[in-house]
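Asks: This structure is in C-alpha cells; I'll ask about it shortly.
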Amino acid sequence: MRRLLRRNGRAWLLYLTLTIGAVPIMIPFFWMLATSLKTRELVGEMTWIPERERAYLMRDGRRQEVMVLLTGKDGRIKIRYPDGSTGTVEKTELTTERVIEPQWSNYTRILRPEQKGSDDDFPRFLLNTLLIVALTVIGQVLTSSLVGWGFARLRFAGKNALFMIMLATMMIPGQISMIPTFMIFKWLGWIDTFLPLIVPAWFGSAFFAFLYRQFFMGIPLEMDEAAKVDGCNPLRIFWEILLPMSKPVTVTVAVYTTLGAWNEFLGPLIYINSDHKRTLSLALAKFQSAYYADVPMLMAAATLMLIPVLILYFISQRALIQGMVVSGVKG
C-alpha cells in the first residue's frame, strides 16, 4: 500500500511539474486567442476577456446607445446615433460600460472575403498552401526514403564516404545557397510559380534520409533474402515490404515536412509575386505594415492557421515519438 501511494505521489508530482512548466508556454496562445476576439480599440489593454466598450447618452430620461467617433480638443465628443446621424455632446453627457462581447466577426471577415478574387481571399490562400504542402510531403517522403534505403541496403564503392558527405551538407547554412538558387529558378522561368517551393523537396533531405537509413538498418536482411527467393527485385522489396514497415519514420518525415512547408515565409516571399498565389504565411503579413496593424484580424488569422497544425500533431503524436525513438537507437 505504501509503495502504491509512493508511486501515485510521484506521478502526481510529475503531472504538477509538467502543468506548471506548460503555463508560461501556453500564455502566448491564450493571449492570441483573446486578442483575436477583441476590438481594435481594446487591443492595447492587458485583458484576457474579450470586452467591448459601449457608450450611452441620457436623453429624456432614457438611455440611448451611441457610437463614439472622435474626441475634439475642446472636450466635446462626436458621436453617431442609431439612425446614422451624427452630432457632438459633452463628455459628461456620456456614460460608458464594458460588456463581454467576443468579436466573432473577426473570423467571418477572414473566411468570407468581401468580393471574390480580392486580395484578402483567405480560402484561396489556404488552397495554395495545402497544394504546396501536399506535393512537398509526397516528394520528401519518396526521395528521402529511397536515399535512406540505398545507403542501408545497397552495396557500392564509396558508400560510407558519400553518406558522410551527405550528412556534412546539413552544416551548410541555407543563406549561402539562396542567391544561386534564385538565379537558377529565374533562368528556368519559375519565378511567381509554386515550383521553387515544391521541386527542392523532390531532391530529398539529408536529415530525413538519415532517419530512414537508421530504421532500415534495424530490419533484418533475411527479409530481403526471403523476398528475393519469391522473385522480388530490389525496388519491389523497397516499395512493398520496407516502406510499409517504416510507417513511424514516414509519419515523422511527413509531420516535420508539413510544419516546415506550412510555416514557410521566406520562400514564398522571394518567389511569389502575384497576390492570388500567396500562401497563408504571406497572407498574415497583409494585416500589418509600417504605419498600421489590424492586430485582432492578425491574431484571428494566426489562430486559424494554427488549428490544422495542432490537429495534425494530436493525431500523429504517438507515431511521431515512436519514429524518432526507433530511428535514433537502431543501426
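Chain labels run A, B, ... following the order of the C-alpha cells; each chain numbers its residues from 1, and ligands are numbered from 1 in the order shown.
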List as a list in words the protein and nucleic acid residues near Lys247 in chain A, meaning an atom at most 10 Å away when only C-alpha atoms are counted, but skip any in the same chain fewer than 5 places from it.
Replies: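 Final neighbour list, sorted by chain and number: Leu242, Thr252, Val253, Ala319, Leu320, Gln322 and Gly323 of chain A.
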Asks: I need the residues from that last selection saved to file as a PDB file, in the first residue's frame (with N, CA and C atoms), if you can.
Replies:
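To be explicit, this is the file written out as out08.pdb:
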ATOM      1  N   LEU A 242       9.682  -2.858 -47.230  1.00  0.00           N
ATOM      2  CA  LEU A 242      10.394  -1.974 -46.309  1.00  0.00           C
ATOM      3  C   LEU A 242       9.654  -0.674 -46.051  1.00  0.00           C
ATOM      4  N   THR A 252       6.865  10.706 -39.136  1.00  0.00           N
ATOM      5  CA  THR A 252       7.773  11.742 -38.631  1.00  0.00           C
ATOM      6  C   THR A 252       8.194  12.682 -39.752  1.00  0.00           C
ATOM      7  N   VAL A 253       8.608  12.126 -40.871  1.00  0.00           N
ATOM      8  CA  VAL A 253       9.033  12.940 -42.005  1.00  0.00           C
ATOM      9  C   VAL A 253       7.867  13.784 -42.524  1.00  0.00           C
ATOM     10  N   ALA A 319       2.862   8.060 -33.269  1.00  0.00           N
ATOM     11  CA  ALA A 319       3.751   7.584 -34.334  1.00  0.00           C
ATOM     12  C   ALA A 319       4.954   8.507 -34.476  1.00  0.00           C
ATOM     13  N   LEU A 320       4.782   9.793 -34.211  1.00  0.00           N
ATOM     14  CA  LEU A 320       5.880  10.737 -34.317  1.00  0.00           C
ATOM     15  C   LEU A 320       6.967  10.435 -33.290  1.00  0.00           C
ATOM     16  N   GLN A 322       7.401   7.587 -31.691  1.00  0.00           N
ATOM     17  CA  GLN A 322       7.950   6.258 -31.976  1.00  0.00           C
ATOM     18  C   GLN A 322       8.964   6.311 -33.103  1.00  0.00           C
ATOM     19  N   GLY A 323       8.679   7.104 -34.143  1.00  0.00           N
ATOM     20  CA  GLY A 323       9.596   7.202 -35.252  1.00  0.00           C
ATOM     21  C   GLY A 323      10.919   7.821 -34.867  1.00  0.00           C
TER      22      GLY A 323
END
Asks: Extract the full set of alpha helix (DSSP H) residues from range 218-312 of chain A according to DSSP on the backbone, and format it as a PyMOL selection string.
Replies: chain A and resi 222-229+234-237+243-245+247-263+266-271+280-285+295-312
Asks: Those same residues, written as a compact mmCIF listing (two decimals), in the first residue's frame with C-alpha atoms?
Replies:
# COMPACT_ATOMS: atom_id res chain seq x y z
CA GLU A 222 16.76 -12.09 -44.01
CA MET A 223 13.50 -10.37 -45.02
CA ASP A 224 15.14 -9.11 -48.21
CA GLU A 225 16.59 -12.53 -48.94
CA ALA A 226 13.23 -14.21 -48.42
CA ALA A 227 11.60 -11.72 -50.78
CA LYS A 228 14.29 -12.37 -53.41
CA VAL A 229 13.55 -16.08 -53.21
CA PRO A 234 15.19 -4.67 -55.01
CA LEU A 235 12.77 -1.85 -55.86
CA ARG A 236 9.78 -4.09 -55.24
CA ILE A 237 11.25 -5.11 -51.89
CA LEU A 243 8.47 1.24 -46.93
CA PRO A 244 5.19 -0.04 -45.38
CA MET A 245 7.17 -1.18 -42.36
CA LYS A 247 5.34 3.93 -41.00
CA PRO A 248 6.66 5.61 -37.81
CA VAL A 249 9.52 7.24 -39.74
CA THR A 250 7.22 8.18 -42.61
CA VAL A 251 4.84 9.90 -40.20
CA THR A 252 7.77 11.74 -38.63
CA VAL A 253 9.03 12.94 -42.00
CA ALA A 254 5.52 13.90 -43.14
CA VAL A 255 4.78 15.89 -39.97
CA TYR A 256 8.06 17.81 -39.97
CA THR A 257 7.79 18.49 -43.69
CA THR A 258 4.21 19.69 -43.25
CA LEU A 259 5.22 22.05 -40.46
CA GLY A 260 8.09 23.42 -42.50
CA ALA A 261 6.02 24.00 -45.65
CA TRP A 262 3.00 25.29 -43.71
CA ASN A 263 5.01 27.95 -41.85
CA LEU A 266 10.95 33.38 -46.77
CA GLY A 267 10.48 31.13 -49.80
CA PRO A 268 7.04 32.45 -50.81
CA LEU A 269 8.22 35.99 -50.09
CA ILE A 270 11.09 35.60 -52.57
CA TYR A 271 9.40 33.65 -55.37
CA LEU A 280 -1.09 31.70 -45.54
CA SER A 281 2.19 32.91 -44.09
CA LEU A 282 2.30 35.75 -46.62
CA ALA A 283 -1.39 36.46 -46.05
CA LEU A 284 -0.66 37.22 -42.39
CA ALA A 285 1.73 39.97 -43.42
CA VAL A 295 -3.99 43.19 -34.55
CA PRO A 296 -7.33 41.40 -33.93
CA MET A 297 -7.55 40.30 -37.55
CA LEU A 298 -3.89 39.25 -37.47
CA MET A 299 -4.43 37.13 -34.35
CA ALA A 300 -7.62 35.63 -35.80
CA ALA A 301 -5.78 34.60 -38.96
CA ALA A 302 -2.89 33.21 -36.89
CA THR A 303 -5.36 31.17 -34.80
CA LEU A 304 -6.96 29.71 -37.92
CA MET A 305 -3.52 28.90 -39.29
CA LEU A 306 -2.55 27.17 -36.04
CA ILE A 307 -5.61 24.90 -35.75
CA PRO A 308 -4.65 22.42 -38.57
CA VAL A 309 -1.14 22.09 -37.15
CA LEU A 310 -2.47 21.24 -33.68
CA ILE A 311 -4.89 18.69 -35.11
CA LEU A 312 -2.08 17.09 -37.13
Asks: Quick one, how far is CA of Pro50 in chain A from CA of Ser36 in chain A?
Replies: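 According to the coordinates, CA of Pro50 in chain A and CA of Ser36 in chain A are separated by 8.5 Å.
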Asks: Pick from A:Ala22, A:Ile49, A:Ile165, A:Leu33: nearest to Ile100 in chain A, with only C-alpha atoms counted?
Replies: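 Smallest distance to Ile100 in chain A is found for A:Ile49.
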Asks: Could you state the separation of CA of Thr86 in chain A and CA of Arg62 in chain A in Å, given to one decimal place?
Replies: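 Separation between CA of Thr86 in chain A and CA of Arg62 in chain A: 18.4 Å.
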Asks: One number please: CA of Leu188 in chain A to CA of Arg278 in chain A, in Å, one decimal.
Replies: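 Distance reported for this atom pair: 20.5 Å.
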Asks: With distances taken over only C-alpha atoms, which residue among A:Ile172, A:Cys232, A:Leu131, A:Ala209 lies nearest Lys277 in chain A?
Replies: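 Looking at the shortest contact to Lys277 in chain A, the residue is A:Leu131.
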Asks: Considering only C-alpha atoms, return as a PDB file with N, CA and C atoms, in the first residue's frame whatever protein or nucleic-acid residues lie within 10 Å of Arg63 in chain A, sequence-local ones (same chain, fewer than 6 positions apart) excluded.
Replies:
ATOM      1  N   ALA A  55     -21.045  53.088 -25.278  1.00  0.00           N
ATOM      2  CA  ALA A  55     -21.322  54.456 -24.820  1.00  0.00           C
ATOM      3  C   ALA A  55     -22.820  54.712 -24.876  1.00  0.00           C
ATOM      4  N   TYR A  56     -23.333  55.369 -23.844  1.00  0.00           N
ATOM      5  CA  TYR A  56     -24.760  55.663 -23.762  1.00  0.00           C
ATOM      6  C   TYR A  56     -24.957  57.152 -23.514  1.00  0.00           C
ATOM      7  N   LEU A  57     -26.030  57.682 -24.072  1.00  0.00           N
ATOM      8  CA  LEU A  57     -26.398  59.095 -23.934  1.00  0.00           C
ATOM      9  C   LEU A  57     -27.769  59.165 -23.275  1.00  0.00           C
ATOM     10  N   LEU A  94     -22.110  61.527 -21.510  1.00  0.00           N
ATOM     11  CA  LEU A  94     -21.973  60.128 -21.895  1.00  0.00           C
ATOM     12  C   LEU A  94     -21.622  59.264 -20.699  1.00  0.00           C
ATOM     13  N   THR A  95     -22.142  58.085 -20.693  1.00  0.00           N
ATOM     14  CA  THR A  95     -21.744  57.060 -19.733  1.00  0.00           C
ATOM     15  C   THR A  95     -21.275  55.836 -20.517  1.00  0.00           C
TER      16      THR A  95
END
Asks: Find the residue from A:Leu42, A:Leu37, A:Ile184, A:Ala157 that sits nearest to Pro196 in chain A; use only C-alpha atoms when measuring.
Replies: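 The closest residue to Pro196 in chain A is A:Ile184.
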Asks: Which residues are close to Ser205 in chain A, i.e. within 8 Å by only C-alpha atoms, leaving aside same-chain residues fewer than 3 positions away? Reply as a PyMOL selection string.
Replies: chain A and resi 140+144+201+208-209
Asks: Just list as a ChimeraX atom specification whatever in range 52-263 of chain A DSSP marks as strand (DSSP E).
Replies: /A:52-59,62-71,76-80,86-90,94-100
Asks: Neighbours of Thr279 in chain A within 8 Å (only C-alpha atoms; same-chain residues fewer than 6 positions away dropped), as a ChimeraX atom specification?
Replies: /A:125-126,128-129,268
Asks: If we count only C-alpha atoms and set the cut-off at 12 Å, which residues sit around Leu154 in chain A, ignoring sequence neighbours fewer than 6 positions away in its own chain? Please answer as a list in words.
Replies: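 Surrounding residues, per the criterion: Leu146, Val147, Gly148, Asn160, Arg213, Phe216, Met217, Leu221, Asp224, Pro234, Leu235 and Phe238 of chain A.
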